Amino acid sequence: MTTDTFRFTKSIKNLNAVLIIIPMVLLFIGIYGGLMQTMFRAGIIQSDPFVGGDYYKGLTFHGVLNAIVFTTFFAVALGNALVPYSLRKHLNSKIAWTSGILMLVGSVMAAIVILIGEATVLYTFYPPLKAHPLFYIGLTLLVVGSWVAFFNWVPMYLQWRKENEGKKTPMAVVGMFTTFIIWFIATLAVAVEILFMLLPWSLGLVDEVNVMLARTLFWFFGHPLVYFWLLPAYVMYYVFMPKLAGGKLYSDMAGRLVFMLFILFSIPVGTHHQYMDPAIGSQWKLLHGVFTFAVALPSLITAFTLAASLEYAGKKNGGKGLFGWMWKLPYFDKEKWFFAYLILGLIIFIFGGIGGIINASYQMNTVVHNTAWVPGHFHLTVAGPVLLAFLGGSLYLVGQFMHKKIRLKGWALISPYIYTIGLFIMSYGLKFGGLLGMPRRTNTGASYANPDSVLYQPDWIFYIDISVVGGVIMFIGIVVYLVSFFGTVFSKGESTEEGSFVTFPISEAYHDEPATWLRNFKPYIIIAVILIVLSYTPVIIDVLQATYGGSPPYSPNSPVPLR
Amino acid sequence: MDKSEKIALILSGVMLVVFFIGIMYAAIAQDIDVPTCITDMEPFETDTLFQTGPDTYELQMVARMWAFQPSVVRLPVGSTVDLYVTSQDIMHGFKIERRNVNLMAIPGAINYMRVTFDEPGEYMFACHEFCGAAHHTMAGRFIIEAELDEPEVAEAL
Ligand code: HEM
Ligand SMILES: [Cu+2]
Ligand SMILES: [Cu+2]
């Protein structure tokens, strides 16, 4: 065995393949929903075979399947791949399968109740809209399954530390642990929301629920959720991309610092989603805003470090001068199709990052909050860099774990380019429409975009229509990807002699400082907990003091409460 | 850390600080702020509009599935409105176009913002939080008129 291959057990290889292939099918349903949404919004269709005329049912499965189910599965699969690979240790396959089965059962449960129309509550499931209890149970199983996967990695890491005293933990492991430490802390709040508030209330054991408290707990989870999406992409940027580009990671220490900063500042920021809410003092909103600016710092460091790594690679590939290196990167190299997914994601993230800073800017949020600007923005993050890195990663992992050669590499290479073009067009439409006041989560086709309605808004039409064009192009990009993905999955396996080994493109560091102060998670977790307590205690106190009465459950179809 | 890394780090920090100063300037010098915690207001279930001074009004607005009450508010130009918003059922959103007013309407809580209308015209407000099957029809407007004797409210568009 050479140092850059590792032999996974057959059982784990099968598990990881399942964890990638099944969510890919769910993602396709979700993305189909996205395409339909753009057309509903423009009034081109009034119903579709999947959801009938219920735009909001479609929007619920779009959000849940794409942003919660697909992303969680991929993060777990990536960890199940990179943690054993980097530590040279085997996963406990019973625990790993338990985690996978919990996640699958939970997701299927939630998907079914959404599709039969019993959980049209969108992916934020704000009460007092009530979903079927199986929706909440399904989401809980998905989350618990992801915890189990993480708990499976912890003893491997502790054992490794014991055996390798004084050695740096591999970057991939630091990144995956950061992802799941944040995820674990954040999901505790949503577990409290679901298990102690929404589930008993939806079962009828409790009559009323405090809506503001539930919403605040949701956003305690909701912002770190976006880092749970983003960080596995960062892992691939730091660990894979420099090597794929033909270079090295510019600074190892920068990468480690970035991950630790995420642990510190990812969570005490959730109230920036509630700038426009009642019952929370504006001074506490400002405090969360300050921390949000702090959490922008690791992304700015990342922008520098990755650009510097690419510059190093481009110069090594023969690039000259200040900008010459830019043209010496493997953008269109079929053999390095994975690189395209990562670099395009980074380019998109320039715009996603700027949008994020705008949203975070306290009173500037007044202009954009809950307008179409917001989905315009986050398709440039979660449906941009995150999606592309996850799609590239999925294809790569499936190839490795099923020991297949990637089929139709040309299709795999061109897909992210098509998707990116469509994405920029759709986001342009949503963002600028939003600036005119177009609300998000709204079936504009049935009112604001309908010339026969009293609410007709002629100024918005151009932006709504252009987002259909973008949506169609994005959808084509995904279909092109799936041709290559399923072409690979269903192709005949190759049993070459390196057949049963798995390889990942792990980058070396160019500047490799000892960075002893960044070697241990513990102090960072402790400071993070302190920051969370400091920033959330006053918020929760405000919410409890300034709210009155509780809310009975409602269905989305009637103004009369269900009980 | 090499020199270029240090420069990048410092520039990033400086940029964020400059942005933050901009926020504080808008909040303190221009008095543009976000809604805060209101505890000195009695919960209300019906809408009311009353005059509190020569050009000032207080409007208590109720959001419910699927209408704002009131839906249409007519006011003279130059009016300043103390706007209180709450919900009678589930979550709704409230944003007035071309004004810095954007409020979540949440059951069990009262939200507040002050707004001034210096120019005549129509200002639409739309519900921007999903509130069920007819969410996309939930909207209303302020109609600001140059010559108006009595402010008026209406329950239908
Ligand atoms: C062909 C690709 C896609 C298209 C055309 C599309 C289109 C849309 C549109 C138009 C909306 C706004 C709906 C509204 O606010 O009324 C939306 C919302 C959303 N999209 Fe996508 N989308 C696509 C892919 C994705 C992907 C890949 C993800 C995540 C990985 C994603 C995550 C979301 C989320 C979380 C929402 C918000 C749902 C909500 O507000 O409850 N989308 N999408
Ligand atoms: Cu956030
Ligand atoms: Cu609504």
# chains A, B, ... in the order shown; residues from 1 in each chain; ligands from 1
>>> interface_residues(of="chain A", to="chain B", cutoff="6 Å", atoms="only C-alpha atoms", output="number ranges by chain")
A: 128, 276-282, 363, 366, 370, 437, 439, 441-443, 546-549, 556-557, 559
>>> residues_around(residues="Phe339 in chain A", least_positions_apart="4", cutoff="12 Å", atoms="only C-alpha atoms", output="ChimeraX atom specification")
/A:236-237,240-246,310,329-335,343-346,388-389,391-393,396,412-414,416-417,505
>>> residues_near_ligand(ligand="ligand 1", cutoff="6 Å", atoms="only C-alpha atoms and all ligand atoms", output="JSON, numbers by chain")
{"A": [31, 34, 35, 37, 38, 59, 60, 63, 66, 67, 122, 123, 375, 382, 383, 387, 440, 441, 442, 443, 471, 474, 475]}
>>> select_by_dssp(residues="range 18-118 of chain B", states="helix (DSSP H, G or I)", output="PyMOL selection string")
chain B and resi 18-28
>>> atom_distance(atom1="CA of Leu395 in chain A", atom2="CA of Ser415 in chain A")
12.2 Å
>>> closest_atom_pairs(of="chain A", to="ligand 2", cutoff="6 Å", atoms="only C-alpha atoms and all ligand atoms", output="JSON lines")
{"residue": "A:His223", "atom": "CA", "partner": "ligand 2", "partner_atom_place_in_ligand_line": "1 (Cu)", "distance": 3.9}
{"residue": "A:Gly270", "atom": "CA", "partner": "ligand 2", "partner_atom_place_in_ligand_line": "1 (Cu)", "distance": 5.9}
{"residue": "A:His273", "atom": "CA", "partner": "ligand 2", "partner_atom_place_in_ligand_line": "1 (Cu)", "distance": 5.8}
>>> select_by_dssp(residues="range 9-111 of chain B", states="strand (DSSP E)", output="ChimeraX atom specification")
/B:48-51,56-64,67-69,72-76,79-87,92-96,101-105,111
>>> closest_residue(among="A:Phe501, A:Phe490, A:Tyr510, A:Phe323", to="Thr9 in chain A", atoms="only C-alpha atoms")
A:Phe501
>>> residues_around(residues="Phe50 in chain B", least_positions_apart="3", cutoff="12 Å", atoms="only C-alpha atoms", output="PyMOL selection string")
chain B and resi 47+53-61+73+75+80-83+150-153
>>> decode(residues="range 398-544 of chain A", atoms="C-alpha atoms", output="short mmCIF file (atom, residue, chain, number, x, y, z; two decimals), in the first residue's frame")
data_model
loop_
_atom_site.label_atom_id
_atom_site.label_comp_id
_atom_site.auth_asym_id
_atom_site.auth_seq_id
_atom_site.Cartn_x
_atom_site.Cartn_y
_atom_site.Cartn_z
CA VAL A 398 -18.82 7.15 -6.61
CA GLY A 399 -16.04 6.44 -9.06
CA GLN A 400 -13.68 5.54 -6.22
CA PHE A 401 -16.04 3.51 -4.09
CA MET A 402 -17.61 1.59 -6.95
CA HIS A 403 -14.25 1.31 -8.73
CA LYS A 404 -15.61 2.70 -11.94
CA LYS A 405 -13.90 4.86 -14.50
CA ILE A 406 -15.82 8.12 -14.87
CA ARG A 407 -17.91 7.89 -18.03
CA LEU A 408 -18.68 10.74 -20.39
CA LYS A 409 -16.04 13.00 -18.89
CA GLY A 410 -16.83 15.66 -21.45
CA TRP A 411 -20.38 15.86 -20.11
CA ALA A 412 -19.10 15.94 -16.55
CA LEU A 413 -16.74 18.76 -17.49
CA ILE A 414 -19.25 20.94 -19.32
CA SER A 415 -22.11 20.56 -16.83
CA PRO A 416 -20.87 23.06 -14.21
CA TYR A 417 -20.25 25.67 -16.91
CA ILE A 418 -23.81 25.39 -18.18
CA TYR A 419 -25.18 25.45 -14.65
CA THR A 420 -23.12 28.50 -13.69
CA ILE A 421 -24.37 30.53 -16.62
CA GLY A 422 -27.97 29.65 -15.75
CA LEU A 423 -27.39 30.40 -12.10
CA PHE A 424 -26.07 33.89 -12.76
CA ILE A 425 -29.08 34.66 -14.94
CA MET A 426 -31.62 33.32 -12.44
CA SER A 427 -29.99 35.06 -9.50
CA TYR A 428 -29.85 38.31 -11.39
CA GLY A 429 -33.62 38.09 -11.92
CA LEU A 430 -34.39 37.19 -8.32
CA LYS A 431 -32.03 39.72 -6.79
CA PHE A 432 -33.05 42.73 -8.82
CA GLY A 433 -36.71 41.78 -8.62
CA GLY A 434 -36.23 41.60 -4.87
CA LEU A 435 -34.79 45.11 -4.78
CA LEU A 436 -38.05 46.33 -6.33
CA GLY A 437 -39.90 44.66 -3.47
CA MET A 438 -40.84 41.30 -4.98
CA PRO A 439 -41.43 38.95 -2.04
CA ARG A 440 -39.80 35.55 -1.75
CA ARG A 441 -41.74 32.30 -1.15
CA THR A 442 -44.53 33.67 -3.29
CA ASN A 443 -46.37 32.24 -6.28
CA THR A 444 -46.24 35.49 -8.20
CA GLY A 445 -47.80 33.87 -11.25
CA ALA A 446 -51.17 33.80 -9.47
CA SER A 447 -51.16 37.47 -8.48
CA TYR A 448 -48.33 39.98 -8.97
CA ALA A 449 -47.34 38.63 -12.38
CA ASN A 450 -50.89 38.13 -13.62
CA PRO A 451 -52.14 41.05 -15.77
CA ASP A 452 -55.74 40.30 -14.72
CA SER A 453 -55.03 40.67 -11.02
CA VAL A 454 -55.50 43.89 -9.04
CA LEU A 455 -52.03 43.23 -7.64
CA TYR A 456 -50.34 43.14 -11.05
CA GLN A 457 -46.82 44.64 -10.94
CA PRO A 458 -45.62 45.35 -14.48
CA ASP A 459 -42.15 46.40 -13.24
CA TRP A 460 -41.42 42.94 -11.92
CA ILE A 461 -42.21 40.97 -15.05
CA PHE A 462 -38.82 41.26 -16.72
CA TYR A 463 -37.06 39.92 -13.63
CA ILE A 464 -39.52 37.08 -13.17
CA ASP A 465 -39.19 36.04 -16.81
CA ILE A 466 -35.41 36.18 -16.89
CA SER A 467 -35.32 33.84 -13.91
CA VAL A 468 -37.22 31.27 -15.99
CA VAL A 469 -34.48 31.45 -18.61
CA GLY A 470 -31.85 30.97 -15.91
CA GLY A 471 -33.79 28.12 -14.32
CA VAL A 472 -34.08 26.23 -17.60
CA ILE A 473 -30.33 26.53 -18.23
CA MET A 474 -29.53 25.38 -14.68
CA PHE A 475 -31.80 22.41 -15.12
CA ILE A 476 -30.09 21.45 -18.37
CA GLY A 477 -26.73 21.68 -16.59
CA ILE A 478 -27.93 19.23 -13.96
CA VAL A 479 -29.32 16.80 -16.52
CA VAL A 480 -25.98 16.81 -18.32
CA TYR A 481 -24.30 16.00 -15.01
CA LEU A 482 -26.69 13.17 -14.25
CA VAL A 483 -25.99 11.57 -17.61
CA SER A 484 -22.36 11.26 -16.64
CA PHE A 485 -23.16 10.32 -13.03
CA PHE A 486 -25.59 7.52 -13.81
CA GLY A 487 -23.56 6.54 -16.85
CA THR A 488 -20.72 5.91 -14.41
CA VAL A 489 -22.85 4.18 -11.79
CA PHE A 490 -24.38 1.77 -14.28
CA SER A 491 -21.24 1.11 -16.29
CA LYS A 492 -19.40 -2.18 -15.91
CA GLY A 493 -16.76 -1.97 -13.18
CA GLU A 494 -13.09 -2.26 -14.01
CA SER A 495 -11.15 -4.71 -11.97
CA THR A 496 -7.67 -3.38 -12.46
CA GLU A 497 -4.93 -4.29 -10.00
CA GLU A 498 -5.31 -1.02 -8.08
CA GLY A 499 -8.98 -2.02 -8.19
CA SER A 500 -9.76 -2.24 -4.53
CA PHE A 501 -7.82 0.86 -3.44
CA VAL A 502 -9.23 4.33 -3.04
CA THR A 503 -7.25 7.48 -3.82
CA PHE A 504 -7.93 11.14 -3.12
CA PRO A 505 -5.99 14.11 -4.44
CA ILE A 506 -4.52 15.34 -1.15
CA SER A 507 -2.52 18.57 -1.48
CA GLU A 508 0.80 19.29 0.17
CA ALA A 509 1.42 22.59 1.87
CA TYR A 510 3.74 25.26 0.43
CA HIS A 511 4.17 27.14 3.71
CA ASP A 512 3.96 24.60 6.49
CA GLU A 513 4.33 26.25 9.88
CA PRO A 514 4.03 24.28 13.14
CA ALA A 515 0.98 26.29 14.30
CA THR A 516 0.89 24.54 17.65
CA TRP A 517 -1.87 26.88 18.90
CA LEU A 518 -4.21 25.52 16.26
CA ARG A 519 -3.81 21.85 17.02
CA ASN A 520 -6.48 21.29 19.60
CA PHE A 521 -10.22 21.82 19.18
CA LYS A 522 -10.92 22.04 22.88
CA PRO A 523 -10.08 25.67 23.66
CA TYR A 524 -11.96 26.82 20.59
CA ILE A 525 -15.05 24.83 21.52
CA ILE A 526 -14.97 26.30 25.02
CA ILE A 527 -14.71 29.87 23.75
CA ALA A 528 -17.48 29.15 21.26
CA VAL A 529 -19.78 27.97 24.03
CA ILE A 530 -19.03 31.11 26.03
CA LEU A 531 -19.81 33.32 23.05
CA ILE A 532 -23.04 31.43 22.44
CA VAL A 533 -24.16 31.85 26.04
CA LEU A 534 -23.27 35.55 26.04
CA SER A 535 -25.01 36.29 22.77
CA TYR A 536 -28.10 34.15 23.19
CA THR A 537 -29.03 34.65 26.85
CA PRO A 538 -30.29 38.22 26.39
CA VAL A 539 -32.08 37.27 23.17
CA ILE A 540 -33.98 34.43 24.83
CA ILE A 541 -34.82 36.63 27.82
CA ASP A 542 -36.21 39.32 25.51
CA VAL A 543 -38.28 36.78 23.63
CA LEU A 544 -39.73 35.29 26.79
#
